[in-house]
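Enquirer: File follows, final02.csv with CSV, C-alpha atoms:
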```csv
chain,number,residue,atom,x,y,z
V,1,MET,CA,91.3,-14.4,-41.8
V,2,THR,CA,88.2,-13.1,-43.4
V,3,ILE,CA,86.2,-9.8,-43.1
V,4,GLY,CA,82.6,-10.6,-42.3
V,5,ARG,CA,81.2,-12.6,-45.2
V,6,LEU,CA,84.1,-11.8,-47.5
V,7,GLN,CA,85.9,-14.9,-48.7
V,8,GLY,CA,87.8,-13.4,-51.6
V,9,VAL,CA,89.5,-10.3,-52.9
V,10,VAL,CA,88.8,-6.7,-52.0
V,11,ARG,CA,89.4,-4.2,-54.8
V,12,ILE,CA,90.2,-0.6,-53.9
V,13,VAL,CA,90.0,2.1,-56.6
V,14,GLY,CA,92.0,5.1,-55.6
V,15,ALA,CA,95.2,4.9,-53.6
V,16,GLY,CA,95.0,8.2,-51.8
V,17,LEU,CA,94.7,8.7,-48.1
V,18,ILE,CA,91.5,6.8,-47.5
V,19,GLY,CA,92.1,4.1,-50.1
V,20,THR,CA,95.6,3.4,-48.8
V,21,SER,CA,94.5,3.5,-45.2
V,22,ILE,CA,91.7,0.9,-45.9
V,23,GLY,CA,94.2,-1.2,-47.8
V,24,LEU,CA,96.7,-1.1,-44.9
V,25,ALA,CA,94.0,-2.1,-42.4
V,26,LEU,CA,92.6,-4.9,-44.4
V,27,SER,CA,96.0,-6.3,-45.3
V,28,LYS,CA,96.8,-6.4,-41.6
V,29,LEU,CA,93.8,-8.6,-41.2
V,30,GLY,CA,95.2,-11.0,-43.8
V,31,ILE,CA,92.7,-10.0,-46.5
V,32,SER,CA,93.8,-10.0,-50.1
V,33,VAL,CA,93.7,-6.5,-51.4
V,34,VAL,CA,94.2,-5.3,-55.0
V,35,LEU,CA,94.7,-1.6,-55.9
V,36,ASP,CA,93.8,0.4,-58.9
V,37,ASP,CA,94.6,4.1,-59.5
V,38,SER,CA,95.0,6.4,-62.4
V,39,SER,CA,98.5,7.0,-61.2
V,40,PRO,CA,100.9,4.0,-61.4
V,41,ALA,CA,103.2,5.8,-58.9
V,42,ASN,CA,100.4,5.8,-56.3
V,43,ILE,CA,99.9,2.1,-56.7
V,44,ARG,CA,103.6,1.4,-56.4
V,45,LEU,CA,103.9,3.6,-53.3
V,46,ALA,CA,100.8,2.1,-51.6
V,47,SER,CA,102.0,-1.4,-52.4
V,48,ASP,CA,105.4,-0.6,-50.9
V,49,TYR,CA,103.7,0.5,-47.7
V,50,GLY,CA,101.8,-2.8,-47.6
V,51,ALA,CA,98.3,-1.7,-48.6
V,52,GLY,CA,97.9,-4.3,-51.3
V,53,VAL,CA,99.1,-5.3,-54.8
V,54,ALA,CA,98.4,-3.9,-58.2
V,55,ALA,CA,95.1,-5.1,-59.7
V,56,SER,CA,95.2,-7.5,-62.6
V,57,ALA,CA,92.7,-8.6,-65.3
V,58,GLY,CA,91.9,-11.9,-63.6
V,59,ASP,CA,90.8,-10.4,-60.3
V,60,GLU,CA,87.3,-11.5,-59.0
V,61,PRO,CA,86.6,-9.2,-56.1
V,62,GLN,CA,83.7,-9.7,-53.8
V,63,LEU,CA,83.8,-6.1,-52.5
V,64,ILE,CA,85.0,-3.0,-54.3
V,65,ILE,CA,85.7,0.3,-52.5
V,66,VAL,CA,85.8,3.4,-54.6
V,67,CYS,CA,88.0,6.1,-53.1
V,68,VAL,CA,88.2,8.8,-55.7
V,69,PRO,CA,87.3,12.5,-55.7
V,70,PRO,CA,83.5,13.3,-55.4
V,71,ASP,CA,83.1,14.8,-58.8
V,72,VAL,CA,84.1,11.5,-60.5
V,73,THR,CA,82.8,9.0,-57.9
V,74,ALA,CA,79.5,8.2,-59.7
V,75,ARG,CA,81.2,7.6,-63.0
V,76,VAL,CA,83.8,5.3,-61.5
V,77,VAL,CA,81.1,3.4,-59.5
V,78,ALA,CA,79.1,2.9,-62.6
V,79,ALA,CA,82.1,1.5,-64.5
V,80,GLU,CA,83.0,-0.8,-61.6
V,81,LEU,CA,79.4,-2.1,-61.4
V,82,LYS,CA,79.5,-2.9,-65.1
V,83,ALA,CA,83.0,-4.5,-65.0
V,84,PHE,CA,82.4,-6.7,-62.0
V,85,PRO,CA,78.8,-8.0,-62.1
V,86,ASN,CA,79.2,-10.2,-59.0
V,87,ALA,CA,80.7,-7.6,-56.6
V,88,VAL,CA,79.2,-5.3,-54.1
V,89,ILE,CA,80.4,-1.8,-54.5
V,90,THR,CA,80.7,1.1,-52.0
V,91,ASP,CA,82.3,4.5,-52.1
V,92,VAL,CA,83.7,6.7,-49.4
V,93,ALA,CA,82.8,10.1,-50.8
V,94,SER,CA,81.7,12.7,-48.2
V,95,VAL,CA,78.5,13.5,-50.1
V,96,LYS,CA,76.0,10.8,-50.9
V,97,SER,CA,72.7,12.1,-52.4
V,98,ALA,CA,74.2,13.5,-55.6
V,99,ILE,CA,76.1,10.3,-56.3
V,100,LEU,CA,73.1,8.1,-55.8
V,101,ASP,CA,71.0,10.5,-58.0
V,102,GLU,CA,73.6,10.4,-60.8
V,103,LEU,CA,73.7,6.6,-60.7
V,104,ALA,CA,69.9,6.3,-60.7
V,105,ALA,CA,69.8,8.3,-63.9
V,106,THR,CA,71.8,5.6,-65.6
V,107,SER,CA,71.2,1.8,-65.9
V,108,ALA,CA,73.5,1.1,-63.0
V,109,ASP,CA,72.7,-2.0,-60.9
V,110,LEU,CA,71.8,-0.3,-57.6
V,111,LYS,CA,71.1,-3.5,-55.9
V,112,ARG,CA,74.8,-4.0,-55.5
V,113,TYR,CA,75.7,-0.4,-54.6
V,114,VAL,CA,75.7,1.0,-51.1
V,115,GLY,CA,77.4,4.4,-50.6
V,116,SER,CA,79.3,4.9,-47.3
V,117,HIS,CA,81.4,7.5,-45.6
V,118,PRO,CA,84.0,6.8,-42.9
V,119,MET,CA,84.1,9.9,-40.6
V,120,ALA,CA,87.8,9.8,-40.4
V,121,GLY,CA,90.7,11.5,-42.2
V,122,ARG,CA,93.8,13.7,-41.8
V,123,GLU,CA,94.5,17.3,-42.7
V,124,LYS,CA,97.1,16.1,-45.2
V,125,GLY,CA,96.0,13.7,-48.0
V,126,GLY,CA,97.9,11.5,-50.4
V,127,THR,CA,99.2,7.9,-50.4
V,128,SER,CA,102.0,8.6,-48.0
V,129,SER,CA,99.6,9.9,-45.3
V,130,GLY,CA,97.7,6.5,-45.1
V,131,ARG,CA,97.4,4.9,-41.7
V,132,ALA,CA,95.7,1.6,-40.8
V,133,ASP,CA,94.3,3.0,-37.5
V,134,ILE,CA,92.4,6.1,-38.6
V,135,PHE,CA,89.1,4.3,-38.7
V,136,VAL,CA,89.3,2.9,-35.2
V,137,GLY,CA,86.5,4.2,-33.0
V,138,ARG,CA,85.1,6.4,-35.7
V,139,PRO,CA,81.5,6.4,-37.1
V,140,TRP,CA,81.2,4.9,-40.6
V,141,VAL,CA,77.9,5.9,-42.3
V,142,VAL,CA,76.2,3.3,-44.4
V,143,ALA,CA,73.9,5.1,-46.8
V,144,GLU,CA,71.1,2.6,-47.2
V,145,HIS,CA,68.6,3.2,-50.1
V,146,SER,CA,65.5,1.4,-51.2
V,147,GLU,CA,67.0,-0.5,-54.1
V,148,ALA,CA,70.0,-1.9,-52.3
V,149,LEU,CA,69.9,-5.6,-51.3
V,150,GLY,CA,70.0,-6.3,-47.5
V,151,SER,CA,73.1,-8.5,-48.1
V,152,SER,CA,74.9,-5.6,-49.8
V,153,ILE,CA,74.1,-3.3,-46.9
V,154,LYS,CA,75.3,-5.9,-44.4
V,155,LEU,CA,78.5,-6.5,-46.2
V,156,VAL,CA,79.5,-2.8,-46.1
V,157,GLU,CA,78.6,-2.7,-42.3
V,158,GLU,CA,80.9,-5.7,-41.8
V,159,LEU,CA,83.7,-3.9,-43.6
V,160,ALA,CA,83.3,-0.9,-41.2
V,161,LEU,CA,83.2,-3.2,-38.1
V,162,ASP,CA,86.3,-5.1,-39.1
V,163,LEU,CA,88.2,-1.8,-39.6
V,164,GLY,CA,87.3,-0.8,-36.0
V,165,SER,CA,84.6,1.7,-36.9
V,166,THR,CA,81.0,1.9,-35.7
V,167,PRO,CA,78.5,1.5,-38.6
V,168,VAL,CA,75.6,4.0,-38.7
V,169,ARG,CA,72.8,3.5,-41.1
V,170,MET,CA,71.4,6.7,-42.6
V,171,THR,CA,69.7,7.7,-45.8
V,172,PRO,CA,71.8,9.7,-48.2
V,173,GLN,CA,69.7,12.8,-47.6
V,174,ALA,CA,70.0,12.5,-43.8
V,175,HIS,CA,73.8,11.9,-44.2
V,176,ASP,CA,74.2,15.1,-46.3
V,177,ARG,CA,72.3,17.2,-43.8
V,178,ALA,CA,74.3,15.8,-40.9
V,179,VAL,CA,77.8,16.2,-42.4
V,180,ALA,CA,77.0,19.8,-43.5
V,181,LEU,CA,76.6,20.6,-39.7
V,182,VAL,CA,79.4,18.5,-38.2
V,183,SER,CA,82.0,18.6,-41.1
V,184,HIS,CA,81.4,20.9,-44.0
V,185,VAL,CA,80.5,24.1,-42.2
V,186,PRO,CA,83.2,23.6,-39.5
V,187,GLN,CA,85.7,23.5,-42.4
V,188,LEU,CA,84.5,26.8,-43.8
V,189,VAL,CA,84.5,28.4,-40.3
V,190,SER,CA,88.0,27.2,-39.7
V,191,SER,CA,89.2,28.4,-43.1
V,192,LEU,CA,87.6,31.8,-42.7
V,193,LEU,CA,89.2,32.3,-39.3
V,194,ALA,CA,92.6,31.1,-40.4
V,195,GLY,CA,92.4,33.4,-43.5
V,196,ARG,CA,92.2,36.4,-41.1
V,197,LEU,CA,95.6,35.5,-39.7
V,198,VAL,CA,97.4,36.1,-43.0
V,199,GLY,CA,99.7,39.1,-42.5
V,200,ALA,CA,98.0,40.0,-39.2
V,201,PRO,CA,100.0,41.4,-36.3
V,202,GLY,CA,100.1,39.5,-33.1
V,203,VAL,CA,99.8,36.0,-34.5
V,204,GLU,CA,102.9,35.0,-32.5
V,205,LEU,CA,100.6,35.3,-29.4
V,206,ALA,CA,98.4,32.4,-30.6
V,207,GLY,CA,97.6,29.8,-28.0
V,208,GLN,CA,96.1,26.3,-28.1
V,209,GLY,CA,92.6,27.6,-28.5
V,210,LEU,CA,93.4,29.2,-31.9
V,211,ARG,CA,95.4,26.2,-33.0
V,212,ASP,CA,92.5,23.8,-32.2
V,213,THR,CA,90.1,26.0,-34.1
V,214,VAL,CA,92.1,26.4,-37.3
V,215,ARG,CA,93.6,22.9,-37.4
V,216,ILE,CA,91.4,21.7,-40.2
V,217,ALA,CA,92.1,24.9,-42.2
V,218,ALA,CA,95.2,23.1,-43.5
V,219,SER,CA,92.9,20.8,-45.6
V,220,ASP,CA,93.2,20.4,-49.4
V,221,PRO,CA,91.3,23.3,-51.2
V,222,LYS,CA,90.7,21.3,-54.4
V,223,LEU,CA,88.9,18.5,-52.5
V,224,TRP,CA,86.8,20.9,-50.5
V,225,VAL,CA,85.7,22.8,-53.6
V,226,GLN,CA,84.1,19.6,-54.8
V,227,ILE,CA,82.6,18.6,-51.4
V,228,LEU,CA,81.1,22.0,-50.7
V,229,GLY,CA,79.8,22.3,-54.3
V,230,ALA,CA,78.1,18.9,-54.1
V,231,ASN,CA,76.4,19.7,-50.7
V,232,SER,CA,75.9,23.4,-51.2
V,233,ALA,CA,72.1,23.5,-50.4
V,234,GLU,CA,72.6,21.9,-47.0
V,235,VAL,CA,75.6,24.0,-46.2
V,236,VAL,CA,73.9,27.3,-47.1
V,237,SER,CA,70.9,26.4,-44.9
V,238,ILE,CA,73.2,26.2,-41.9
V,239,LEU,CA,75.3,29.2,-42.8
V,240,ASP,CA,72.1,31.3,-43.1
V,241,ALA,CA,71.3,30.3,-39.5
V,242,TYR,CA,74.9,31.2,-38.4
V,243,ALA,CA,74.5,34.6,-40.1
V,244,GLU,CA,71.5,35.3,-38.0
V,245,ASP,CA,73.3,34.3,-34.8
V,246,LEU,CA,76.3,36.3,-35.7
V,247,GLY,CA,74.1,39.3,-36.5
V,248,ARG,CA,72.6,39.2,-33.0
V,249,VAL,CA,76.1,39.0,-31.4
V,250,ILE,CA,77.4,41.9,-33.5
V,251,SER,CA,74.4,44.0,-32.6
V,252,ALA,CA,75.0,43.3,-28.9
V,253,LEU,CA,78.7,44.0,-29.0
V,254,LYS,CA,78.2,47.3,-30.8
V,255,ASP,CA,76.4,48.7,-27.7
V,256,VAL,CA,76.9,46.5,-24.6
V,257,SER,CA,75.0,49.0,-22.5
V,258,LYS,CA,71.8,48.4,-24.4
V,259,PRO,CA,69.2,46.4,-22.5
V,260,GLY,CA,69.6,42.7,-23.2
V,261,ALA,CA,73.0,43.0,-24.9
V,262,LEU,CA,75.0,41.2,-22.2
V,263,ALA,CA,72.3,38.6,-21.9
V,264,THR,CA,72.6,37.9,-25.6
V,265,ILE,CA,76.4,37.4,-25.3
V,266,ASP,CA,75.9,35.2,-22.2
V,267,GLN,CA,73.3,33.1,-23.9
V,268,THR,CA,75.5,32.6,-26.9
V,269,ILE,CA,78.4,31.3,-24.8
V,270,ALA,CA,76.0,29.1,-22.7
V,271,SER,CA,74.5,27.7,-25.9
V,272,GLY,CA,78.0,26.7,-27.0
V,273,ASN,CA,78.5,25.0,-23.7
V,274,ARG,CA,75.4,22.9,-24.2
V,275,GLY,CA,76.4,22.1,-27.8
V,276,VAL,CA,79.8,20.8,-26.7
V,277,GLY,CA,78.0,18.5,-24.3
V,278,GLU,CA,76.1,16.9,-27.2
V,279,ILE,CA,79.3,15.7,-28.8
V,280,PRO,CA,79.9,12.0,-27.9
V,281,GLY,CA,82.9,11.5,-25.7
V,282,LYS,CA,85.7,8.9,-25.7
V,283,HIS,CA,83.4,6.1,-24.6
V,284,GLY,CA,80.4,7.1,-26.7
V,285,SER,CA,78.5,8.9,-23.9
V,286,ARG,CA,77.4,12.5,-23.9
V,287,ASN,CA,78.7,15.0,-21.3
V,288,PRO,CA,81.7,13.0,-20.1
V,289,GLN,CA,82.8,14.5,-16.8
V,290,PHE,CA,86.7,14.5,-16.7
V,291,SER,CA,89.0,16.7,-14.6
V,292,SER,CA,91.8,18.5,-16.4
V,293,TYR,CA,95.4,19.0,-15.0
V,294,VAL,CA,98.2,20.8,-16.8
V,295,VAL,CA,101.7,19.6,-16.3
V,296,MET,CA,104.8,21.5,-17.3
V,297,ILE,CA,107.4,19.6,-19.2
V,298,ASP,CA,110.9,20.6,-20.3
V,299,ASP,CA,111.5,21.0,-24.0
V,300,GLN,CA,113.9,18.1,-24.3
V,301,PRO,CA,113.9,14.6,-25.9
V,302,GLY,CA,112.0,12.0,-24.0
V,303,ALA,CA,110.2,14.3,-21.5
V,304,LEU,CA,106.7,13.5,-22.7
V,305,ALA,CA,107.4,9.8,-22.9
V,306,ARG,CA,108.8,9.9,-19.3
V,307,LEU,CA,105.6,11.7,-18.1
V,308,LEU,CA,103.3,9.2,-19.7
V,309,THR,CA,105.4,6.2,-18.5
V,310,GLU,CA,105.2,7.5,-14.9
V,311,ILE,CA,101.5,8.1,-15.1
V,312,GLY,CA,101.2,4.4,-16.2
V,313,GLU,CA,103.3,3.3,-13.3
V,314,ILE,CA,101.1,5.3,-10.9
V,315,GLY,CA,98.1,3.3,-12.4
V,316,ILE,CA,96.0,6.1,-13.8
V,317,ASN,CA,94.3,6.0,-17.1
V,318,VAL,CA,94.5,9.2,-19.2
V,319,GLU,CA,91.1,9.8,-20.9
V,320,ASP,CA,92.4,12.5,-23.2
V,321,LEU,CA,95.6,14.5,-23.8
V,322,LYS,CA,96.5,17.8,-25.4
V,323,LEU,CA,100.0,19.2,-25.9
V,324,GLU,CA,100.7,22.9,-26.2
V,325,HIS,CA,104.2,24.1,-27.2
V,326,SER,CA,105.2,27.4,-28.7
V,327,PRO,CA,108.4,27.3,-30.9
V,328,GLY,CA,111.4,28.6,-28.9
V,329,ALA,CA,109.7,28.2,-25.5
V,330,PRO,CA,111.8,26.2,-23.0
V,331,ILE,CA,108.7,24.3,-21.7
V,332,GLY,CA,105.6,22.6,-23.0
V,333,LEU,CA,102.2,22.3,-21.4
V,334,VAL,CA,100.5,18.9,-21.3
V,335,GLU,CA,96.8,18.9,-20.4
V,336,LEU,CA,95.7,15.6,-19.0
V,337,GLN,CA,92.1,14.6,-18.6
V,338,VAL,CA,91.3,11.9,-16.0
V,339,VAL,CA,88.2,10.8,-14.1
V,340,PRO,CA,87.7,13.1,-11.1
V,341,SER,CA,88.4,10.3,-8.5
V,342,SER,CA,91.9,10.0,-9.9
V,343,GLY,CA,92.8,13.7,-9.7
V,344,ASP,CA,94.2,13.8,-6.1
V,345,LYS,CA,96.3,10.7,-6.7
V,346,LEU,CA,97.6,12.1,-10.0
V,347,THR,CA,98.8,15.4,-8.6
V,348,LYS,CA,100.3,14.0,-5.4
V,349,GLU,CA,102.2,11.2,-7.1
V,350,LEU,CA,103.5,13.4,-10.0
V,351,GLN,CA,104.6,16.2,-7.6
V,352,THR,CA,106.4,13.6,-5.5
V,353,ARG,CA,108.3,12.6,-8.7
V,354,GLY,CA,109.2,16.2,-9.4
V,355,TRP,CA,106.6,17.2,-12.0
V,356,ARG,CA,105.2,20.8,-11.9
V,357,PHE,CA,101.6,21.7,-12.5
V,358,ALA,CA,100.6,24.9,-14.2
```
Rewrite the structure of this file - the entire thing - as structure tokens.

Expert:
Amino acid sequence: MTIGRLQGVVRIVGAGLIGTSIGLALSKLGISVVLDDSSPANIRLASDYGAGVAASAGDEPQLIIVCVPPDVTARVVAAELKAFPNAVITDVASVKSAILDELAATSADLKRYVGSHPMAGREKGGTSSGRADIFVGRPWVVAEHSEALGSSIKLVEELALDLGSTPVRMTPQAHDRAVALVSHVPQLVSSLLAGRLVGAPGVELAGQGLRDTVRIAASDPKLWVQILGANSAEVVSILDAYAEDLGRVISALKDVSKPGALATIDQTIASGNRGVGEIPGKHGSRNPQFSSYVVMIDDQPGALARLLTEIGEIGINVEDLKLEHSPGAPIGLVELQVVPSSGDKLTKELQTRGWRFA
């Protein structure tokens, strides 16, 4: 089996989370993958998981994917371009403009380089966190630039497609502006909120809303120092606007009897409603209209599996699912989202089978 136009070897430099995940996904397609990493232990571990084999001197890759930290990405890409003059090279760093600028300042062959960025990942990094399915259904930015050959751009797009992603062409500059809004600033907001929880009384009262908001605060600080440093101008632009918004809300809350104060708060929440509606849903459409139902399940082995099995037997498709469970609580809450026309059938059938709704 081949990947798009690829007929040969894919070389992955960097066997961390993303590199290992790409290797696992490509290997499942029957593609020959070779791995290189500054840590021999990472290569052995990724190989044991089935992500590829250790690179050797005789390799002739057609595509090279650089999966190293952002502060060394340009240097590694330049070295790979020089070492493999017949290969197309991409990288998966989350900032694109700085890397292209650094490469352009050298004699690098930019015709064979196309930066990219799979919008996928996990809170925990490292080789052992790699998963073949993390790219499925996710956008994969292909950062086209004027010097890249059309064939190079197409090859990176075909890589994204074969890994189950949706390729999105953007310039490096447009990419950096976009990820500042949808990725980099959310990381900061999540981290700032989670930081307020340290030593704070009442944390044991936390519900799913707080957990959802601080989930990404568990990310690797060292990696984010590099990402935010490389995209600082775009991030600051958005934070300045946030500061203005926050200032208006603070002013309104300081004196809610002041004319216009409650309207400011109302407009802030309503604006958030509209913003959520702009996020593409499960099937790629905006404003998906699903109905939510919360089922109570006992805290015992197999309870969630039994619930999902019975929903399948009823013949209803679950569009999304969230599980809330506080340590020590005897029950968990499963929020199910289904199309509205399935709601009555779902509740009636599950109640008949003994399930309780919250």

Enquirer: Produce a table with one row for each residue of region 238-297 of chain V that has an atom at most 12 Å from any atom of region 344-348 of chain V, each row naming the nearest atom pair and its distance in Å at one decimal; use all atoms listed in the file; arrange rows by chain and rising residue number; format as JSON lines.

Expert:
```
{"residue": "V:Ser291", "atom": "CA", "partner": "V:Asp344", "partner_atom": "CA", "distance": 10.4}
{"residue": "V:Ser292", "atom": "CA", "partner": "V:Leu346", "partner_atom": "CA", "distance": 10.7}
{"residue": "V:Tyr293", "atom": "CA", "partner": "V:Thr347", "partner_atom": "CA", "distance": 8.1}
{"residue": "V:Val294", "atom": "CA", "partner": "V:Thr347", "partner_atom": "CA", "distance": 9.8}
{"residue": "V:Val295", "atom": "CA", "partner": "V:Thr347", "partner_atom": "CA", "distance": 9.2}
```

Enquirer: Keeping only C-alpha atoms, write the selected residues to a file as a PDB file, keeping the file's coordinate frame.

Expert:
```pdb
ATOM      1  CA  SER V 291      89.000  16.700 -14.600  1.00  0.00           C
ATOM      2  CA  SER V 292      91.800  18.500 -16.400  1.00  0.00           C
ATOM      3  CA  TYR V 293      95.400  19.000 -15.000  1.00  0.00           C
ATOM      4  CA  VAL V 294      98.200  20.800 -16.800  1.00  0.00           C
ATOM      5  CA  VAL V 295     101.700  19.600 -16.300  1.00  0.00           C
TER       6      VAL V 295
END
```

Enquirer: If you count only C-alpha atoms, which residues fall within 9 Å of Val95 (chain V), apart from same-chain ones fewer than 5 positions away, as number ranges by chain?

Expert: V: 70, 117, 172, 175-176, 179, 227-228, 230-231

Enquirer: In Å, rounded to a single decimal, give me how far CA of Gln173 (chain V) is from CA of Glu102 (chain V).

Expert: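 Separating CA of Glu102 (chain V) from CA of Gln173 (chain V) is a distance of 14.0 Å.
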
Enquirer: Can you pull out every residue within 8 Å of region 41-49 of chain V, counting only C-alpha atoms, but drop anything in the same chain fewer than 2 positions away, and send it as a VMD selection string?

Expert: chain V and resid 15 to 16 20 24 35 to 37 39 51 to 54 127 to 128

Enquirer: Could you write those residues out with C-alpha atoms, as a compact mmCIF listing (two decimals), in the coordinates of the input?

Expert:
```txt
# COMPACT_ATOMS: atom_id res chain seq x y z
CA ALA V 15 95.20 4.90 -53.60
CA GLY V 16 95.00 8.20 -51.80
CA THR V 20 95.60 3.40 -48.80
CA LEU V 24 96.70 -1.10 -44.90
CA LEU V 35 94.70 -1.60 -55.90
CA ASP V 36 93.80 0.40 -58.90
CA ASP V 37 94.60 4.10 -59.50
CA SER V 39 98.50 7.00 -61.20
CA ALA V 51 98.30 -1.70 -48.60
CA GLY V 52 97.90 -4.30 -51.30
CA VAL V 53 99.10 -5.30 -54.80
CA ALA V 54 98.40 -3.90 -58.20
CA THR V 127 99.20 7.90 -50.40
CA SER V 128 102.00 8.60 -48.00
```

Enquirer: Give the answer as one residue: which of V:Leu323, V:Ala93, V:Ala57, V:Leu350 has the shortest atom-to-atom distance to Gly209 (chain V), using all atoms listed in the file?

Expert: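 Result for the nearest residue to Gly209 (chain V): V:Leu323.
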
Enquirer: Calculate how many Å separate CA of Glu244 (chain V) from CA of Gly272 (chain V), rounding to one decimal.

Expert: 15.4 Å

Enquirer: Between V:Ser146, V:Leu321, V:Val92, V:His184, single out the one closest to Gly229 (chain V), counting all atoms listed in the file.

Expert: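 Going through V:Ser146, V:Leu321, V:Val92, V:His184 one by one, the smallest distance to Gly229 (chain V) is for V:His184.
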
Enquirer: What's the 7 Å shell around region 158-167 of chain V, counting only C-alpha atoms, without same-chain residues fewer than 4 positions away, as a PyMOL selection string?

Expert: chain V and resi 3-4+25+135-142+154

Enquirer: Taking (84.0, 28.7, -37.6) in the file's coordinates, which residues come within 12 Å, counting only C-alpha atoms, written as a ChimeraX atom specification?

Expert: /V:181-196,210,212-217,238-239,242-243,246

Enquirer: Which polymer residues have any atom within 8 Å of an atom of Phe290 (chain V), counting all atoms listed in the file, with same-chain residues fewer than 2 positions away left out, as a PDB file with C-alpha atoms, in the frame of the given file?

Expert:
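Generated output (part_3.pdb):
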```pdb
ATOM      1  CA  PRO V 288      81.700  13.000 -20.100  1.00  0.00           C
ATOM      2  CA  SER V 292      91.800  18.500 -16.400  1.00  0.00           C
ATOM      3  CA  GLU V 319      91.100   9.800 -20.900  1.00  0.00           C
ATOM      4  CA  GLN V 337      92.100  14.600 -18.600  1.00  0.00           C
ATOM      5  CA  VAL V 338      91.300  11.900 -16.000  1.00  0.00           C
ATOM      6  CA  VAL V 339      88.200  10.800 -14.100  1.00  0.00           C
ATOM      7  CA  PRO V 340      87.700  13.100 -11.100  1.00  0.00           C
TER       8      PRO V 340
END
```

Enquirer: Got a sec: who's within 9 Å of Val249 (chain V), counting all atoms listed in the file, leaving out chain neighbours fewer than 3 positions off, as a ChimeraX atom specification?

Expert: /V:244-246,252-254,261,264-265,268

Enquirer: Interatomic distance between CA of Arg131 (chain V) and CA of Leu26 (chain V)?

Expert: 11.2 Å
